$ cat final_19.cif   # mmCIF, C-alpha atoms
data_input
#
loop_
_atom_site.group_PDB
_atom_site.id
_atom_site.type_symbol
_atom_site.label_atom_id
_atom_site.label_comp_id
_atom_site.auth_asym_id
_atom_site.auth_seq_id
_atom_site.Cartn_x
_atom_site.Cartn_y
_atom_site.Cartn_z
ATOM 1 C CA MET A 1 -147.393 -65.441 -26.388
ATOM 2 C CA PRO A 2 -146.752 -67.860 -29.282
ATOM 3 C CA CYS A 3 -149.662 -70.078 -30.177
ATOM 4 C CA ALA A 4 -149.915 -73.325 -32.079
ATOM 5 C CA PRO A 5 -149.287 -73.182 -35.839
ATOM 6 C CA ARG A 6 -152.142 -71.499 -37.730
ATOM 7 C CA MET A 7 -153.482 -70.436 -34.299
ATOM 8 C CA ALA A 8 -155.220 -73.795 -33.880
ATOM 9 C CA GLY A 9 -157.125 -73.768 -30.624
ATOM 10 C CA CYS A 10 -156.149 -70.156 -29.980
ATOM 11 C CA ARG A 11 -158.647 -68.167 -27.869
ATOM 12 C CA ILE A 12 -160.470 -65.329 -29.619
ATOM 13 C CA GLY A 13 -159.083 -62.808 -27.128
ATOM 14 C CA CYS A 14 -155.508 -64.007 -27.554
ATOM 15 C CA LEU A 15 -153.001 -61.176 -28.105
ATOM 16 C CA HIS A 16 -151.176 -63.186 -30.773
ATOM 17 C CA ARG A 17 -154.373 -63.724 -32.736
ATOM 18 C CA GLN A 18 -155.243 -60.017 -32.482
ATOM 19 C CA LEU A 19 -151.797 -58.959 -33.730
ATOM 20 C CA VAL A 20 -151.910 -61.369 -36.652
ATOM 21 C CA ASN A 21 -155.421 -60.274 -37.620
ATOM 22 C CA GLU A 22 -154.473 -56.575 -37.443
ATOM 23 C CA TYR A 23 -151.451 -57.253 -39.661
ATOM 24 C CA ARG A 24 -153.632 -59.106 -42.156
ATOM 25 C CA LEU A 25 -155.987 -56.115 -42.307
ATOM 26 C CA ALA A 26 -153.062 -53.731 -42.905
ATOM 27 C CA ARG A 27 -151.704 -55.991 -45.644
ATOM 28 C CA THR A 28 -155.154 -56.289 -47.247
ATOM 29 C CA ASP A 29 -155.455 -52.484 -47.255
ATOM 30 C CA PHE A 30 -152.092 -52.246 -49.018
ATOM 31 C CA GLU A 31 -153.119 -54.812 -51.635
ATOM 32 C CA ALA A 32 -156.414 -52.991 -52.219
ATOM 33 C CA GLY A 33 -154.484 -49.759 -52.732
ATOM 34 C CA VAL A 34 -152.268 -51.465 -55.292
ATOM 35 C CA GLU A 35 -155.306 -52.781 -57.127
ATOM 36 C CA ALA A 36 -156.921 -49.356 -57.189
ATOM 37 C CA GLU A 37 -153.857 -47.339 -58.192
ATOM 38 C CA VAL A 38 -151.934 -49.460 -60.663
ATOM 39 C CA TRP A 39 -152.884 -50.898 -64.047
ATOM 40 C CA GLU A 40 -152.717 -54.671 -64.340
ATOM 41 C CA THR A 41 -149.663 -54.632 -66.628
ATOM 42 C CA GLU A 42 -147.747 -52.452 -64.165
ATOM 43 C CA ARG A 43 -148.615 -54.335 -60.966
ATOM 44 C CA ALA A 44 -145.687 -56.755 -61.047
ATOM 45 C CA GLU A 45 -143.203 -53.921 -61.511
ATOM 46 C CA PHE A 46 -144.916 -51.842 -58.818
ATOM 47 C CA ARG A 47 -144.800 -54.738 -56.330
ATOM 48 C CA ASP A 48 -141.106 -55.283 -57.035
ATOM 49 C CA LEU A 49 -140.457 -51.649 -56.126
ATOM 50 C CA ASN A 50 -143.028 -51.541 -53.282
ATOM 51 C CA PRO A 51 -143.241 -54.955 -51.641
ATOM 52 C CA GLY A 52 -145.478 -53.714 -48.844
ATOM 53 C CA ILE A 53 -145.067 -54.078 -45.133
ATOM 54 C CA THR A 54 -143.773 -57.300 -43.605
ATOM 55 C CA PHE A 55 -145.152 -58.735 -40.390
ATOM 56 C CA LYS A 56 -141.887 -57.844 -38.606
ATOM 57 C CA GLU A 57 -142.031 -54.225 -39.792
ATOM 58 C CA TRP A 58 -145.673 -54.012 -38.788
ATOM 59 C CA LEU A 59 -144.935 -55.371 -35.299
ATOM 60 C CA ILE A 60 -142.136 -52.826 -34.780
ATOM 61 C CA GLY A 61 -144.436 -49.982 -35.878
ATOM 62 C CA HIS A 62 -147.251 -51.308 -33.687
ATOM 63 C CA ARG A 63 -144.917 -51.397 -30.669
ATOM 64 C CA LYS A 64 -143.777 -47.812 -31.306
ATOM 65 C CA GLN A 65 -147.409 -46.647 -31.491
ATOM 66 C CA GLN A 66 -148.144 -48.361 -28.171
ATOM 67 C CA GLU A 67 -145.091 -46.737 -26.534
ATOM 68 C CA GLU A 68 -146.055 -43.280 -27.836
ATOM 69 C CA ALA A 69 -149.617 -43.694 -26.573
ATOM 70 C CA ALA A 70 -148.407 -44.612 -23.077
#
$ encode --input "final_19.cif" --output "C-alpha cells"
Amino acid sequence: MPCAPRMAGCRIGCLHRQLVNEYRLARTDFEAGVEAEVWETERAEFRDLNPGITFKEWLIGHRKQQEEAA
C-alpha cells in the first residue's frame, strides 16, 4: 500500500492516495470550522486546546466505519 514520498507517480485510483486526500479534506473542514467559529486573537489558544484530528486518528476512525458498514 505505501507509495513513494509525496505520492510521486502514484496512480489516481490508488487506495493510499484516496486515504490521504480524504484526510486532507477532513482536516480542511476542521480548519474552516476554526476560522468560522473563533476570533483571530483566540485561535492560537483554541488550537492548543483542540489540535484537530491526526492522520493516525482519522485512519482508525475510517477503519471502524468500514467495519461497521460491512
$ resolve_selection --input "final_19.cif" --expression "the PyMOL selection byres ((chain A and resi 42-53) around 12)" --output "PDB file with C-alpha atoms, in the frame of the given file"
ATOM      1  CA  TYR A  23    -151.451 -57.253 -39.661  1.00  0.00           C
ATOM      2  CA  ARG A  24    -153.632 -59.106 -42.156  1.00  0.00           C
ATOM      3  CA  LEU A  25    -155.987 -56.115 -42.307  1.00  0.00           C
ATOM      4  CA  ALA A  26    -153.062 -53.731 -42.905  1.00  0.00           C
ATOM      5  CA  ARG A  27    -151.704 -55.991 -45.644  1.00  0.00           C
ATOM      6  CA  THR A  28    -155.154 -56.289 -47.247  1.00  0.00           C
ATOM      7  CA  ASP A  29    -155.455 -52.484 -47.255  1.00  0.00           C
ATOM      8  CA  PHE A  30    -152.092 -52.246 -49.018  1.00  0.00           C
ATOM      9  CA  GLU A  31    -153.119 -54.812 -51.635  1.00  0.00           C
ATOM     10  CA  ALA A  32    -156.414 -52.991 -52.219  1.00  0.00           C
ATOM     11  CA  GLY A  33    -154.484 -49.759 -52.732  1.00  0.00           C
ATOM     12  CA  VAL A  34    -152.268 -51.465 -55.292  1.00  0.00           C
ATOM     13  CA  GLU A  35    -155.306 -52.781 -57.127  1.00  0.00           C
ATOM     14  CA  ALA A  36    -156.921 -49.356 -57.189  1.00  0.00           C
ATOM     15  CA  GLU A  37    -153.857 -47.339 -58.192  1.00  0.00           C
ATOM     16  CA  VAL A  38    -151.934 -49.460 -60.663  1.00  0.00           C
ATOM     17  CA  TRP A  39    -152.884 -50.898 -64.047  1.00  0.00           C
ATOM     18  CA  GLU A  40    -152.717 -54.671 -64.340  1.00  0.00           C
ATOM     19  CA  THR A  41    -149.663 -54.632 -66.628  1.00  0.00           C
ATOM     20  CA  THR A  54    -143.773 -57.300 -43.605  1.00  0.00           C
ATOM     21  CA  PHE A  55    -145.152 -58.735 -40.390  1.00  0.00           C
ATOM     22  CA  LYS A  56    -141.887 -57.844 -38.606  1.00  0.00           C
ATOM     23  CA  GLU A  57    -142.031 -54.225 -39.792  1.00  0.00           C
ATOM     24  CA  TRP A  58    -145.673 -54.012 -38.788  1.00  0.00           C
ATOM     25  CA  LEU A  59    -144.935 -55.371 -35.299  1.00  0.00           C
ATOM     26  CA  ILE A  60    -142.136 -52.826 -34.780  1.00  0.00           C
ATOM     27  CA  GLY A  61    -144.436 -49.982 -35.878  1.00  0.00           C
ATOM     28  CA  HIS A  62    -147.251 -51.308 -33.687  1.00  0.00           C
TER      29      HIS A  62
END
$ atom_distance --input "final_19.cif" --atom1 "atom CA of Gln66 of chain A" --atom2 "atom CA of Pro5 of chain A"
26.0 Å
$ atom_distance --input "final_19.cif" --atom1 "atom CA of Glu22 of chain A" --atom2 "atom CA of Gly9 of chain A"
18.7 Å
$ atom_distance --input "final_19.cif" --atom1 "atom CA of Arg63 of chain A" --atom2 "atom CA of Arg17 of chain A"
15.7 Å
$ axis_aligned_box --input "final_19.cif" --around "segment 51-57 of chain A" --padding-each-side "5 Å" --output "AutoDock Vina command-line options"
--center_x -143.7 --center_y -56.2 --center_z -45.1 --size_x 13.6 --size_y 15.0 --size_z 23.0
$ decode --input "final_19.cif" --residues "segment 15-68 of chain A" --atoms "C-alpha atoms" --output "tab-separated table (two decimals), in the first residue's frame"
chain	number	residue	atom	x	y	z
A	15	LEU	CA	-6.00	3.46	-2.15
A	16	HIS	CA	-3.18	5.32	-0.40
A	17	ARG	CA	-3.81	8.45	-2.44
A	18	GLN	CA	-7.56	8.25	-1.74
A	19	LEU	CA	-6.99	7.90	2.02
A	20	VAL	CA	-4.58	10.81	2.12
A	21	ASN	CA	-6.91	13.02	0.08
A	22	GLU	CA	-9.90	12.15	2.30
A	23	TYR	CA	-7.84	13.00	5.39
A	24	ARG	CA	-6.82	16.32	3.86
A	25	LEU	CA	-10.48	17.15	3.22
A	26	ALA	CA	-11.39	16.30	6.83
A	27	ARG	CA	-8.53	18.44	8.12
A	28	THR	CA	-9.52	21.32	5.82
A	29	ASP	CA	-13.09	21.12	7.14
A	30	PHE	CA	-11.77	21.34	10.70
A	31	GLU	CA	-9.61	24.36	9.86
A	32	ALA	CA	-12.56	26.07	8.15
A	33	GLY	CA	-14.66	25.47	11.26
A	34	VAL	CA	-11.96	27.05	13.41
A	35	GLU	CA	-11.84	30.07	11.12
A	36	ALA	CA	-15.60	30.48	11.23
A	37	GLU	CA	-16.08	29.97	14.97
A	38	VAL	CA	-13.14	31.63	16.67
A	39	TRP	CA	-11.90	35.22	16.67
A	40	GLU	CA	-8.38	35.75	15.38
A	41	THR	CA	-6.96	36.59	18.82
A	42	GLU	CA	-8.38	33.38	20.28
A	43	ARG	CA	-7.33	30.99	17.51
A	44	ALA	CA	-3.93	30.09	18.95
A	45	GLU	CA	-5.44	29.25	22.33
A	46	PHE	CA	-8.29	27.31	20.69
A	47	ARG	CA	-5.84	25.26	18.59
A	48	ASP	CA	-3.77	24.45	21.68
A	49	LEU	CA	-6.89	23.04	23.33
A	50	ASN	CA	-8.31	21.48	20.12
A	51	PRO	CA	-5.45	20.38	17.89
A	52	GLY	CA	-7.75	18.63	15.44
A	53	ILE	CA	-7.60	15.12	14.13
A	54	THR	CA	-4.29	13.49	13.25
A	55	PHE	CA	-3.86	11.24	10.23
A	56	LYS	CA	-3.50	8.22	12.55
A	57	GLU	CA	-6.73	9.04	14.39
A	58	TRP	CA	-8.51	9.58	11.10
A	59	LEU	CA	-7.30	6.23	9.73
A	60	ILE	CA	-8.52	4.40	12.86
A	61	GLY	CA	-11.94	6.08	12.58
A	62	HIS	CA	-12.09	5.34	8.85
A	63	ARG	CA	-11.34	1.66	9.51
A	64	LYS	CA	-14.07	1.46	12.17
A	65	GLN	CA	-16.59	3.00	9.75
A	66	GLN	CA	-15.65	0.43	7.10
A	67	GLU	CA	-16.03	-2.44	9.61
A	68	GLU	CA	-19.44	-1.17	10.76
